[in-house]
file entry24.tsv (TSV, C-alpha atoms and all ligand atoms)
chain	number	residue	atom	x	y	z
A	1	MET	CA	4.98	-19.09	14.09
A	2	PRO	CA	7.71	-18.46	11.50
A	3	ASP	CA	11.04	-20.15	12.05
A	4	CYS	CA	13.30	-17.17	12.55
A	5	ARG	CA	16.36	-19.38	12.60
A	6	LYS	CA	15.94	-19.46	8.85
A	7	GLU	CA	16.39	-15.70	8.98
A	8	PHE	CA	20.07	-16.27	9.60
A	9	ASN	CA	20.48	-17.76	6.15
A	10	ASP	CA	21.32	-21.10	7.76
A	11	GLU	CA	24.30	-19.63	9.53
A	12	GLU	CA	24.56	-20.41	13.22
A	13	PRO	CA	23.76	-17.38	15.35
A	14	ARG	CA	26.32	-16.54	18.01
A	15	GLU	CA	23.65	-16.85	20.70
A	16	LYS	CA	21.95	-20.18	20.19
A	17	LYS	CA	18.51	-18.81	20.96
A	18	TYR	CA	15.56	-19.38	18.74
A	19	PHE	CA	13.15	-16.81	17.45
A	20	ALA	CA	14.51	-13.29	17.02
A	21	VAL	CA	11.81	-11.49	19.00
A	22	ARG	CA	12.58	-8.12	17.45
A	23	GLY	CA	11.56	-9.50	14.07
A	24	LEU	CA	8.14	-10.69	15.27
A	25	GLU	CA	4.76	-9.04	15.09
A	26	LYS	CA	2.51	-8.79	18.10
A	27	GLU	CA	0.30	-11.67	16.95
A	28	GLU	CA	3.31	-13.93	16.49
A	29	ILE	CA	4.42	-13.27	20.07
A	30	SER	CA	0.86	-13.68	21.37
A	31	ASP	CA	0.48	-17.04	19.59
A	32	PHE	CA	3.49	-18.34	21.42
A	33	LEU	CA	2.30	-17.04	24.76
A	34	ALA	CA	-1.13	-18.61	24.20
A	35	LYS	CA	0.63	-21.97	24.03
A	36	LEU	CA	2.09	-21.26	27.46
A	37	LYS	CA	-1.47	-20.50	28.63
A	38	GLU	CA	-0.58	-16.86	29.19
A	39	LYS	CA	-3.25	-14.19	28.81
A	40	SER	CA	-3.30	-12.46	25.47
A	41	PHE	CA	-2.44	-9.01	26.88
A	42	ARG	CA	1.00	-10.41	27.76
A	43	GLY	CA	1.76	-10.43	24.02
A	44	ASP	CA	0.98	-6.71	23.89
A	45	GLN	CA	3.21	-6.10	26.88
A	46	VAL	CA	6.15	-8.01	25.46
A	47	PHE	CA	5.74	-6.31	22.06
A	48	ARG	CA	5.76	-2.87	23.69
A	49	TRP	CA	8.85	-3.67	25.75
A	50	VAL	CA	10.66	-4.90	22.68
A	51	GLN	CA	9.54	-2.39	20.06
A	52	ALA	CA	8.61	0.80	21.94
A	53	GLN	CA	10.89	0.68	24.98
A	54	ALA	CA	13.73	-0.91	23.00
A	55	VAL	CA	14.80	-3.00	26.03
A	56	GLN	CA	18.20	-4.65	25.92
A	57	SER	CA	17.34	-7.61	28.17
A	58	TRP	CA	14.41	-9.68	29.45
A	59	ALA	CA	15.05	-8.51	33.01
A	60	GLU	CA	13.98	-5.00	32.01
A	61	MET	CA	10.42	-6.25	31.42
A	62	THR	CA	9.46	-5.41	34.98
A	63	ASN	CA	5.73	-6.10	34.71
A	64	LEU	CA	6.40	-9.76	33.80
A	65	SER	CA	7.17	-12.41	36.40
A	66	VAL	CA	10.73	-13.75	36.51
A	67	ASP	CA	9.25	-17.13	35.59
A	68	LEU	CA	7.74	-15.72	32.39
A	69	GLN	CA	10.92	-13.79	31.61
A	70	GLU	CA	12.80	-17.09	31.80
A	71	LYS	CA	10.32	-18.88	29.56
A	72	LEU	CA	10.61	-16.10	27.02
A	73	ALA	CA	14.39	-16.18	27.21
A	74	SER	CA	14.45	-19.92	26.51
A	75	THR	CA	12.46	-19.50	23.31
A	76	PHE	CA	13.24	-16.08	21.89
A	77	SER	CA	16.51	-14.33	21.30
A	78	LEU	CA	16.87	-10.72	22.28
A	79	VAL	CA	20.40	-9.99	21.21
A	80	PRO	CA	21.23	-6.32	20.76
A	81	LEU	CA	23.63	-5.40	17.99
A	82	LYS	CA	27.17	-5.02	19.28
A	83	LEU	CA	28.37	-1.45	18.91
A	84	VAL	CA	31.93	-1.58	17.63
A	85	GLN	CA	32.51	2.08	16.89
A	86	GLU	CA	30.71	5.38	16.94
A	87	GLN	CA	32.02	8.38	15.05
A	88	VAL	CA	30.77	11.93	15.36
A	89	SER	CA	31.04	14.29	12.43
A	90	ARG	CA	31.80	18.01	12.61
A	91	ASP	CA	28.16	18.62	11.66
A	92	GLY	CA	26.82	16.35	14.44
A	93	THR	CA	26.07	13.36	12.20
A	94	ARG	CA	26.85	10.07	13.93
A	95	LYS	CA	27.96	6.86	12.28
A	96	TYR	CA	27.55	3.54	14.07
A	97	LEU	CA	29.47	0.40	13.19
A	98	TRP	CA	27.62	-2.68	14.43
A	99	GLU	CA	28.69	-6.30	14.68
A	100	LEU	CA	26.05	-8.91	13.93
A	101	VAL	CA	25.71	-12.32	15.61
A	102	ASP	CA	27.83	-13.99	12.93
A	103	GLY	CA	30.58	-11.38	13.19
A	104	GLN	CA	29.60	-9.48	10.01
A	105	ARG	CA	29.61	-5.71	10.22
A	106	ILE	CA	27.19	-3.06	9.04
A	107	GLU	CA	26.76	0.67	9.52
A	108	SER	CA	23.90	3.06	10.27
A	109	VAL	CA	24.02	6.84	10.15
A	110	LEU	CA	22.06	9.18	12.44
A	111	LEU	CA	21.38	12.65	11.10
A	112	PHE	CA	20.14	15.49	13.28
A	113	HIS	CA	18.12	18.36	11.91
A	114	ALA	CA	17.75	21.80	13.49
A	115	GLY	CA	16.68	22.35	17.11
A	116	ASP	CA	17.91	21.39	20.55
A	117	PHE	CA	18.57	17.80	21.51
A	118	THR	CA	15.22	16.62	22.81
A	119	ARG	CA	13.27	18.35	20.07
A	120	LYS	CA	15.64	17.54	17.26
A	121	ARG	CA	14.25	15.92	14.17
A	122	THR	CA	16.26	12.80	13.54
A	123	THR	CA	16.72	10.66	10.47
A	124	LEU	CA	18.30	7.24	10.58
A	125	CYS	CA	19.91	5.79	7.48
A	126	LEU	CA	19.56	1.99	7.64
A	127	SER	CA	21.49	-0.87	6.07
A	128	THR	CA	19.64	-3.79	4.52
A	129	GLN	CA	22.49	-6.07	3.40
A	130	VAL	CA	26.06	-6.88	4.37
A	131	GLY	CA	27.77	-5.38	1.32
A	132	CYS	CA	25.88	-5.10	-1.96
A	133	PRO	CA	26.00	-7.10	-5.19
A	134	MET	CA	25.06	-4.23	-7.54
A	135	GLY	CA	28.58	-2.95	-8.14
A	136	CYS	CA	27.89	0.75	-8.79
A	137	GLY	CA	31.27	2.29	-9.61
A	138	PHE	CA	31.01	5.33	-7.33
A	139	CYS	CA	29.84	3.50	-4.18
A	140	ALA	CA	32.03	2.18	-1.35
A	141	THR	CA	29.47	-0.47	-0.36
A	142	GLY	CA	29.42	-1.75	-3.94
A	143	LYS	CA	33.19	-2.24	-3.76
A	144	LEU	CA	32.72	-4.69	-0.87
A	145	GLY	CA	30.68	-7.16	-2.90
A	146	PHE	CA	27.78	-9.05	-1.33
A	147	THR	CA	27.89	-11.22	1.79
A	148	ARG	CA	24.28	-11.70	2.90
A	149	ASN	CA	20.88	-10.15	3.43
A	150	LEU	CA	20.05	-8.73	6.85
A	151	THR	CA	17.20	-10.28	8.84
A	152	VAL	CA	14.10	-8.38	9.98
A	153	GLY	CA	15.49	-8.35	13.52
A	154	GLU	CA	18.81	-6.91	12.35
A	155	ILE	CA	17.16	-4.07	10.43
A	156	VAL	CA	14.77	-3.22	13.27
A	157	SER	CA	17.63	-3.49	15.79
A	158	GLN	CA	19.50	-0.63	14.11
A	159	VAL	CA	16.61	1.62	15.18
A	160	LEU	CA	16.03	0.02	18.58
A	161	ASP	CA	19.62	-0.19	19.76
A	162	LEU	CA	20.41	3.32	18.66
A	163	THR	CA	17.27	4.63	20.34
A	164	ALA	CA	18.14	2.77	23.57
A	165	LEU	CA	21.68	4.09	23.43
A	166	GLN	CA	20.64	7.71	22.96
A	167	ARG	CA	17.93	7.52	25.63
A	168	HIS	CA	20.28	5.90	28.13
A	169	ARG	CA	23.11	8.29	27.44
A	170	GLU	CA	21.01	11.42	27.75
A	171	GLY	CA	18.82	10.07	30.57
A	172	LEU	CA	15.74	10.56	28.41
A	173	ARG	CA	12.39	8.87	28.79
A	174	GLN	CA	10.73	7.01	25.95
A	175	GLU	CA	8.76	9.98	24.69
A	176	GLN	CA	11.83	12.23	24.80
A	177	PHE	CA	13.92	10.55	22.14
A	178	LYS	CA	12.63	9.01	18.98
A	179	ILE	CA	13.84	8.52	15.44
A	180	ASN	CA	11.46	10.56	13.28
A	181	ASN	CA	12.47	9.56	9.75
A	182	LEU	CA	13.96	6.45	8.22
A	183	VAL	CA	15.83	6.18	4.96
A	184	TYR	CA	16.69	2.74	3.63
A	185	MET	CA	19.84	4.17	2.04
A	186	GLY	CA	22.66	2.57	3.99
A	187	MET	CA	24.59	-0.50	2.90
A	188	GLY	CA	22.85	-2.73	0.38
A	189	GLU	CA	20.05	-2.76	-2.18
A	190	PRO	CA	16.75	-2.91	-0.22
A	191	LEU	CA	14.72	-4.33	-3.09
A	192	LEU	CA	16.93	-7.44	-3.17
A	193	ASN	CA	15.75	-8.10	0.39
A	194	LEU	CA	12.19	-7.01	-0.16
A	195	PRO	CA	9.98	-9.20	2.11
A	196	VAL	CA	12.36	-8.58	5.01
A	197	VAL	CA	12.46	-4.84	4.33
A	198	LEU	CA	8.65	-4.66	4.14
A	199	LYS	CA	8.23	-6.52	7.42
A	200	SER	CA	10.75	-4.22	9.10
A	201	ILE	CA	8.75	-1.21	7.89
A	202	LYS	CA	5.56	-2.72	9.22
A	203	LEU	CA	7.14	-3.27	12.64
A	204	LEU	CA	8.71	0.19	12.84
A	205	ASN	CA	5.43	1.81	11.79
A	206	TYR	CA	3.39	0.02	14.51
A	207	LYS	CA	1.53	2.41	16.83
A	208	ASP	CA	2.59	0.33	19.84
A	209	GLY	CA	6.18	0.25	18.63
A	210	GLN	CA	8.39	3.05	17.34
A	211	ASN	CA	5.39	4.52	15.51
A	212	ILE	CA	7.45	6.03	12.71
A	213	GLY	CA	5.06	7.58	10.18
A	214	ILE	CA	4.86	5.68	6.91
A	215	ARG	CA	5.38	8.88	4.85
A	216	ARG	CA	8.54	9.46	6.88
A	217	ILE	CA	10.05	6.24	5.57
A	218	THR	CA	11.97	6.22	2.27
A	219	ILE	CA	13.24	3.19	0.38
A	220	SER	CA	15.94	3.83	-2.19
A	221	THR	CA	16.67	1.51	-5.11
A	222	CYS	CA	19.16	1.43	-7.93
A	223	GLY	CA	16.25	0.50	-10.21
A	224	LEU	CA	15.05	-3.12	-10.06
A	225	VAL	CA	12.00	-3.07	-12.33
A	226	PRO	CA	10.09	-6.21	-11.17
A	227	GLN	CA	10.46	-5.21	-7.53
A	228	ILE	CA	9.26	-1.66	-8.25
A	229	ASP	CA	6.12	-3.26	-9.69
A	230	GLN	CA	5.79	-5.39	-6.55
A	231	LEU	CA	6.11	-2.30	-4.38
A	232	ALA	CA	3.39	-0.56	-6.35
A	233	ALA	CA	1.12	-3.52	-5.64
A	234	ALA	CA	2.05	-3.65	-1.93
A	235	GLY	CA	-0.17	-0.62	-1.29
A	236	LEU	CA	2.08	0.91	1.38
A	237	ASP	CA	2.53	4.65	1.45
A	238	PHE	CA	6.27	4.98	2.07
A	239	VAL	CA	8.37	7.18	-0.22
A	240	LEU	CA	10.14	5.49	-3.13
A	241	ALA	CA	13.49	6.94	-4.19
A	242	VAL	CA	15.11	5.83	-7.43
A	243	SER	CA	18.83	6.30	-8.10
A	244	LEU	CA	19.08	7.65	-11.65
A	245	HIS	CA	22.55	9.23	-11.77
A	246	ALA	CA	22.76	9.56	-15.56
A	247	PRO	CA	20.54	11.05	-18.26
A	248	ASN	CA	21.13	8.35	-20.90
A	249	ASN	CA	21.97	4.66	-21.16
A	250	GLU	CA	25.45	5.21	-22.49
A	251	LEU	CA	26.53	7.06	-19.34
A	252	ARG	CA	24.40	4.99	-16.94
A	253	ASN	CA	25.88	1.74	-18.24
A	254	ARG	CA	29.30	3.03	-17.33
A	255	ILE	CA	28.57	3.58	-13.62
A	256	MET	CA	25.61	1.27	-12.85
A	257	PRO	CA	25.78	-2.34	-14.11
A	258	ILE	CA	22.03	-2.78	-13.41
A	259	ASN	CA	21.32	-0.47	-16.34
A	260	ARG	CA	22.23	-3.24	-18.80
A	261	GLN	CA	19.41	-5.36	-17.38
A	262	TYR	CA	16.90	-2.55	-16.85
A	263	PRO	CA	17.80	0.38	-19.09
A	264	LEU	CA	16.37	3.84	-18.51
A	265	GLU	CA	13.26	3.43	-20.70
A	266	LYS	CA	12.21	0.29	-18.79
A	267	LEU	CA	13.03	1.87	-15.45
A	268	LEU	CA	11.12	5.08	-16.16
A	269	ASN	CA	8.14	3.13	-17.46
A	270	ALA	CA	8.08	1.17	-14.18
A	271	CYS	CA	8.25	4.49	-12.31
A	272	ARG	CA	5.31	5.81	-14.34
A	273	ARG	CA	3.32	2.67	-13.51
A	274	TYR	CA	4.23	3.13	-9.84
A	275	ILE	CA	3.07	6.76	-9.80
A	276	LYS	CA	-0.15	5.84	-11.60
A	277	GLN	CA	-0.96	2.94	-9.29
A	278	THR	CA	-0.03	4.57	-5.97
A	279	GLY	CA	-0.78	8.23	-6.72
A	280	GLN	CA	2.54	9.05	-4.97
A	281	ARG	CA	5.44	11.16	-6.15
A	282	ILE	CA	8.76	9.45	-6.73
A	283	THR	CA	12.04	10.96	-5.59
A	284	PHE	CA	14.85	10.61	-8.12
A	285	GLU	CA	18.44	10.84	-7.00
A	286	TYR	CA	21.18	12.14	-9.25
A	287	VAL	CA	24.78	11.93	-8.09
A	288	LEU	CA	26.66	14.74	-9.78
A	289	ILE	CA	30.12	13.75	-10.99
A	290	LYS	CA	32.57	16.29	-12.39
A	291	GLY	CA	33.13	16.03	-16.12
A	292	PHE	CA	30.85	12.98	-16.38
A	293	ASN	CA	27.19	13.87	-15.93
A	294	ASP	CA	27.29	17.54	-14.90
A	295	SER	CA	27.05	19.38	-18.24
A	296	LEU	CA	24.09	21.53	-19.26
A	297	GLN	CA	23.60	19.05	-22.10
A	298	ALA	CA	23.14	16.30	-19.46
A	299	ALA	CA	20.76	18.57	-17.52
A	300	ALA	CA	18.71	19.11	-20.68
A	301	GLU	CA	18.51	15.34	-21.34
A	302	LEU	CA	17.52	14.75	-17.73
A	303	ALA	CA	14.82	17.41	-17.88
A	304	ALA	CA	13.44	15.75	-21.01
A	305	LEU	CA	13.40	12.34	-19.30
A	306	LEU	CA	11.49	13.60	-16.26
A	307	ARG	CA	9.19	16.05	-18.01
A	308	GLY	CA	5.58	15.65	-16.90
A	309	MET	CA	6.39	13.09	-14.21
A	310	LYS	CA	5.09	13.53	-10.67
A	311	ALA	CA	8.59	13.52	-9.22
A	312	ASN	CA	11.18	15.32	-7.12
A	313	LEU	CA	14.83	15.31	-8.02
A	314	ASN	CA	17.61	15.32	-5.42
A	315	VAL	CA	20.94	16.38	-6.86
A	316	ILE	CA	23.80	15.04	-4.72
A	317	PRO	CA	27.39	16.08	-5.43
A	318	VAL	CA	29.30	12.79	-5.40
A	319	ASN	CA	31.10	11.90	-2.19
A	320	THR	CA	34.63	10.76	-2.71
A	321	ILE	CA	35.39	7.15	-1.80
A	322	GLY	CA	39.13	6.88	-2.30
A	323	GLY	CA	40.93	7.31	-5.58
A	324	ARG	CA	40.19	10.39	-7.60
A	325	GLN	CA	38.04	8.86	-10.28
A	326	TYR	CA	34.79	10.50	-9.16
A	327	GLN	CA	35.02	14.12	-8.16
A	328	ARG	CA	32.54	16.77	-7.14
A	329	PRO	CA	31.93	19.57	-9.60
A	330	SER	CA	32.68	23.13	-8.45
A	331	PHE	CA	30.00	24.90	-6.42
A	332	GLU	CA	29.20	27.13	-9.41
A	333	ASP	CA	28.75	24.15	-11.72
A	334	ILE	CA	26.48	22.42	-9.20
A	335	GLN	CA	24.33	25.56	-8.87
A	336	ARG	CA	24.20	26.00	-12.64
A	337	PHE	CA	23.05	22.40	-13.10
A	338	VAL	CA	20.30	22.65	-10.48
A	339	SER	CA	19.09	26.08	-11.66
A	340	PHE	CA	18.88	24.88	-15.24
A	341	LEU	CA	16.61	22.00	-14.20
A	342	GLN	CA	14.45	24.26	-12.06
A	343	GLU	CA	14.02	26.65	-14.99
A	344	LYS	CA	12.82	23.68	-17.05
A	345	GLY	CA	10.12	23.06	-14.44
A	346	ILE	CA	11.77	20.09	-12.70
A	347	ALA	CA	11.41	20.03	-8.87
A	348	ALA	CA	15.16	19.78	-8.34
A	349	VAL	CA	16.90	20.44	-5.03
A	350	LEU	CA	20.51	20.30	-4.02
A	351	ARG	CA	20.71	17.82	-1.18
A	352	GLU	CA	22.76	18.94	1.77
A	353	GLU	CA	25.47	16.43	2.50
A	354	LYS	CA	26.18	15.38	6.04
A	355	GLY	CA	28.83	13.31	7.69
A	356	SER	CA	31.31	13.15	4.81
A	357	ASP	CA	34.27	13.79	7.19
A	358	ILE	CA	33.51	10.46	8.94
A	359	ALA	CA	32.72	8.61	5.69
A	360	GLY	CA	29.08	8.61	6.74
A	361	ALA	CA	27.62	10.30	3.69
A	362	CYS	CA	25.78	8.54	0.85
A	363	GLY	CA	27.84	5.84	-0.75
A	364	GLN	CA	30.69	5.99	1.75
A	365	LEU	CA	29.61	3.13	4.02
A	366	ALA	CA	32.05	0.29	3.93
A	367	GLY	CA	31.36	-1.57	7.17
A	368	GLY	CA	34.47	-0.23	8.87
A	369	LEU	CA	36.71	-1.32	6.02
A	370	GLU	CA	37.18	2.11	4.46
A	401	LIG	N1	21.13	0.58	-2.99
A	401	LIG	C1	20.22	1.65	-2.91
A	401	LIG	C2	20.24	2.35	-1.56
A	401	LIG	C3	21.58	2.53	-0.91
A	401	LIG	S1	22.64	3.67	-1.69
A	401	LIG	C4	20.45	2.63	-4.05
A	401	LIG	O1	21.45	2.51	-4.72
A	401	LIG	O2	19.60	3.49	-4.26
A	401	LIG	C5	21.86	5.20	-1.23
A	401	LIG	C6	22.14	6.36	-2.18
A	401	LIG	O3	23.50	6.76	-2.11
A	401	LIG	C7	21.87	6.01	-3.64
A	401	LIG	O4	21.20	7.04	-4.31
A	401	LIG	C8	23.27	5.89	-4.16
A	401	LIG	O5	23.34	6.00	-5.53
A	401	LIG	C9	23.95	6.99	-3.42
A	401	LIG	N2	25.40	6.94	-3.49
A	401	LIG	C10	26.18	5.86	-3.64
A	401	LIG	N3	27.48	6.21	-3.69
A	401	LIG	C11	27.51	7.55	-3.58
A	401	LIG	C12	28.57	8.51	-3.55
A	401	LIG	N4	29.86	8.15	-3.65
A	401	LIG	N5	28.23	9.82	-3.44
A	401	LIG	C13	26.93	10.20	-3.32
A	401	LIG	N6	25.91	9.34	-3.31
A	401	LIG	C14	26.20	8.03	-3.45
A	402	LIG	FE1	24.52	-1.05	-3.97
A	402	LIG	FE2	23.20	1.26	-3.87
A	402	LIG	FE3	25.88	1.17	-3.61
A	402	LIG	FE4	24.76	0.67	-5.99
A	402	LIG	S1	24.70	2.62	-4.86
A	402	LIG	S2	26.41	-0.52	-5.04
A	402	LIG	S3	22.92	-0.40	-5.38
A	402	LIG	S4	24.39	0.31	-2.21
call {"tool": "encode", "arguments": {"input": "entry24.tsv", "output": "structure tokens", "more": "lines below"}}
Ligand code: SAH
Ligand code: SF4
result
Amino acid sequence: MPDCRKEFNDEEPREKKYFAVRGLEKEEISDFLAKLKEKSFRGDQVFRWVQAQAVQSWAEMTNLSVDLQEKLASTFSLVPLKLVQEQVSRDGTRKYLWELVDGQRIESVLLFHAGDFTRKRTTLCLSTQVGCPMGCGFCATGKLGFTRNLTVGEIVSQVLDLTALQRHREGLRQEQFKINNLVYMGMGEPLLNLPVVLKSIKLLNYKDGQNIGIRRITISTCGLVPQIDQLAAAGLDFVLAVSLHAPNNELRNRIMPINRQYPLEKLLNACRRYIKQTGQRITFEYVLIKGFNDSLQAAAELAALLRGMKANLNVIPVNTIGGRQYQRPSFEDIQRFVSFLQEKGIAAVLREEKGSDIAGACGQLAGGLE
């Protein structure tokens, strides 16, 4: 049994309970129950209550005796995230501000795709850290600096608590509301919290849990080369997204400090190794900034960098984060940039932006401090 208290980075959780049950696999729960001389199927039951039904309390586990509920409660913590604020965008996107057990705050963003409510395809954008240490110039989270990594339970809880909230609110049964896609693109750099992120993916992918398809899960990184190699070796089939944002080192150095440590040649070589080892396509992200990286010259350099790679390219007009330093190009310039790349044979798409009116779009998450 892992000591999940360590998950709190030695900070004292608000609820002085012990193992964060939402961060545990079925076998870990079963091992504990075996010590209480409980039958092994009880582990399956508890896991399903926690991960599939997204229960908010032990009392909801109605097929367990009150005695067992109490034993569980004295060993495990089941503390939902505290919802501090929910904002709804004009386009339906919802942004959730959560408070963690130590009072820190993070955000998640729920995006709806076409269709009516119960059949809607949903994507949840998850946070992996409180703040972020990478300091990218165009990103609101980067401006916060770094406080701490999230725990497995805190990452998984963003999915579970939101799912419980939506089901409860709409009076929907378990099978009627489900998050379909996950993007690890909220606050923080996921590859700096890699073991925790990988365990959260494993839990959310479980058939008996939320059962979110592995190819429907995307991890985005600003380009940490050793961790990209580790991911390639992990043999999991999620989608890797790499934030490129500039076609040469001179420009990339100016907006992404990580580029001094892992310049473009090293990063792209790691991406080539990843594609070779996993057989998967990589998604590159390119934030388009007016007068900085939006010229046809930049598009030509970018096309040359990506030529022959098994990759998609998402072009994202930059979202403003206060100040006027980083502005979106005009619609015509954005179209011209994307068309140029497409003509060069690059699989480039303009990514539709959602939730920018509630500061819920890429790079705008600031934990309620914006
Ligand atoms: N740290 C990871 C994942 C979180 S950021 C990463 O950097 O990839 C998720 C995406 O939002 C990244 O591609 C990031 O570059 C992008 N982003 C950050 N600030 C943005 C902004 N102001 N406008 C548009 N995209 C932004
Ligand atoms: Fe961190 Fe990603 Fe923002 Fe850069 S873009 S500061 S890596 S969250």
call {"tool": "atom_distance", "arguments": {"input": "entry24.tsv", "atom1": "atom CA of Ile282 of chain A", "atom2": "atom C10 of ligand LIG 401 (chain A)"}}
result
18.1 Å
call {"tool": "closest_residue", "arguments": {"input": "entry24.tsv", "among": "A:Val225, A:Leu288, A:Glu25, A:Leu296", "to": "Asn259 of chain A", "atoms": "all atoms listed in the file"}}
result
A:Val225
call {"tool": "residues_around", "arguments": {"input": "entry24.tsv", "residues": "Leu33 of chain A", "least_positions_apart": "3", "cutoff": "12 Å", "atoms": "all atoms listed in the file", "output": "PyMOL selection string"}}
result
chain A and resi 1+26-30+36-47+68-69+71-72+75-76
call {"tool": "atom_distance", "arguments": {"input": "entry24.tsv", "atom1": "atom CA of Asp357 of chain A", "atom2": "atom CA of Arg148 of chain A"}}
result
27.7 Å
call {"tool": "closest_atom_pairs", "arguments": {"input": "entry24.tsv", "of": "chain A", "to": "ligand LIG 401 (chain A)", "cutoff": "6 Å", "atoms": "all atoms listed in the file", "output": "tab-separated table"}}
result
residue	atom	partner	partner_atom	distance
A:Phe138	CA	A:LIG401	N4	4.8
A:Cys139	CA	A:LIG401	N3	3.6
A:Met185	CA	A:LIG401	C3	3.8
A:Gly186	CA	A:LIG401	C3	5.0
A:Met187	CA	A:LIG401	C3	5.7
A:Gly188	CA	A:LIG401	N1	5.0
A:Glu189	CA	A:LIG401	N1	3.6
A:Ser220	CA	A:LIG401	O2	4.2
A:Thr221	CA	A:LIG401	O2	3.6
A:Cys222	CA	A:LIG401	O1	4.1
A:Val242	CA	A:LIG401	O2	6.0
A:Ser243	CA	A:LIG401	O4	4.5
A:Glu285	CA	A:LIG401	O4	5.4
A:Val287	CA	A:LIG401	C13	5.5
A:Ile316	CA	A:LIG401	C13	5.9
A:Val318	CA	A:LIG401	N5	3.7
A:Asn319	CA	A:LIG401	N5	3.8
A:Thr320	CA	A:LIG401	N4	5.5
A:Ile321	CA	A:LIG401	N4	5.9
A:Cys362	CA	A:LIG401	O3	4.1
A:Gly363	CA	A:LIG401	N3	3.0
A:Gln364	CA	A:LIG401	N4	5.9
